[in-house]
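Data first, discussion second: the structure below is written as structure tokens.
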Amino acid sequence: MYYRYYRLVRRLRGFLLLAALVLVALHFAAPGRFPLLPGLVLAGAWLAAFLYALGHVLLTRRRTYQCPYCGWVPYALDAWRCRGCGQRVDVFLQLGICPACGYQHEEFMCLRCRGVAPRQRWLRLG
Ligand SMILES: [Zn+2]
Ligand SMILES: [Zn+2]
């Protein structure tokens, strides 16, 4: 469930920041015509979205995994496509087993550096 919220928030975040900047810029260009408040409200919404996304990453970090190339630590995200059934899956959730079809993924791709490595190399020992 929170996968969907996270994706939505990530998508909204860029839009909120842009809209807030435009509104604040309009206010400074013509203070009489454009009040500051809407810009501030949107900036507040952006901040909330930013903190939500940050909290999601920190709270759902999979500390037992790490990218062998760049050190990226995965978090709860259904950003991978299952090779068995084609659905969006979170490959790190069940050691690479797709929750929908049971396909066992032997290789995981890093979302930061796009490097692909076998499962064993992702496991962080100790
Ligand atoms: Zn990486
Ligand atoms: Zn599958």
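Quick note on naming: the chains in the structure tokens go A, B, ... in the order shown, residues restart at 1 in each chain, and ligands are numbered from 1 in order of appearance.
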So which bits of chain A end up helix (DSSP H, G or I) when you DSSP the backbone, as a ChimeraX atom specification?
/A:2-29,37-59,119-122
Neighbour list for Leu123 of chain A as a PyMOL selection string, cut-off 8 Å, only C-alpha atoms, skip fewer than 4 positions in-chain:
chain A and resi 64-66+119
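Here the question is which of A:Ala49, A:Leu36, A:Val91, A:Val9 gets nearest to Val24 of chain A using only C-alpha atoms, and that residue is A:Leu36.
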Polymer residues at most 12 Å from segment 88-90 of chain A, only C-alpha atoms, same-chain spacing of 2 or more positions, as an MDAnalysis selection string
chainID A and resid 2:4 60 62 74:86 92:105 108:109 111
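Residue nearest Tyr5 of chain A, chosen from A:Ala53, A:Gly71, A:Glu106, A:Leu59 and counting only C-alpha atoms: A:Ala53.
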Could you give me, as a tab-separated table, a per-residue list for chain A showing, wherever an atom lies at most 7 Å from an atom of ligand 1, the closest pair of atoms and their distance in Å to one decimal, using only C-alpha atoms and all ligand atoms and sorting by chain then residue number from low to high?
```
residue	atom	partner	partner_atom_place_in_ligand_line	distance
A:Cys67	CA	ligand 1	1 (Zn)	4.6
A:Pro68	CA	ligand 1	1 (Zn)	6.6
A:Tyr69	CA	ligand 1	1 (Zn)	4.9
A:Cys70	CA	ligand 1	1 (Zn)	4.1
A:Gly71	CA	ligand 1	1 (Zn)	5.9
A:Trp72	CA	ligand 1	1 (Zn)	5.3
A:Cys110	CA	ligand 1	1 (Zn)	4.6
A:Leu111	CA	ligand 1	1 (Zn)	6.6
A:Arg112	CA	ligand 1	1 (Zn)	5.1
A:Cys113	CA	ligand 1	1 (Zn)	4.2
A:Arg114	CA	ligand 1	1 (Zn)	6.1
A:Gly115	CA	ligand 1	1 (Zn)	5.5
```
Please dump the current selection as an mmCIF file, in the first residue's frame; keep C-alpha atoms.
```
data_model
loop_
_atom_site.group_PDB
_atom_site.id
_atom_site.type_symbol
_atom_site.label_atom_id
_atom_site.label_comp_id
_atom_site.auth_asym_id
_atom_site.auth_seq_id
_atom_site.Cartn_x
_atom_site.Cartn_y
_atom_site.Cartn_z
ATOM 1 C CA CYS A 67 24.876 -2.431 -3.927
ATOM 2 C CA PRO A 68 28.317 -4.004 -4.475
ATOM 3 C CA TYR A 69 29.255 -1.208 -6.887
ATOM 4 C CA CYS A 70 28.071 2.059 -5.343
ATOM 5 C CA GLY A 71 26.956 1.157 -1.806
ATOM 6 C CA TRP A 72 23.295 2.047 -2.324
ATOM 7 C CA CYS A 110 20.741 -1.074 -8.501
ATOM 8 C CA LEU A 111 18.452 1.919 -8.888
ATOM 9 C CA ARG A 112 21.246 4.374 -8.335
ATOM 10 C CA CYS A 113 24.069 3.147 -10.591
ATOM 11 C CA ARG A 114 22.035 0.683 -12.704
ATOM 12 C CA GLY A 115 24.592 -2.022 -11.979
#
```
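Taking atom CA of Pro38 of chain A as the reference point, atom CA of Leu51 of chain A is found at 20.0 Å.
Restricting the calculation to only C-alpha atoms, the smallest distance between Val57 of chain A and any of A:Leu125, A:Ala20, A:Leu42, A:Val73 is found for A:Val73.
Between atom CA of Gly39 of chain A and atom CA of Arg7 of chain A the interatomic distance comes to 23.6 Å.
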Atom CA of Leu58 of chain A to atom CA of Gln87 of chain A: how many Å, to one decimal?
25.1 Å
Once DSSP has gone over the backbone, tell me which residues of chain A are in strand (DSSP E), as a PyMOL selection string.
chain A and resi 80-81+88-89+107-109+116-118
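With only C-alpha atoms as the atoms that count, the residue of A:Leu8, A:Arg63, A:Pro31, A:Leu23 with the shortest distance to Phe50 of chain A is A:Leu8.
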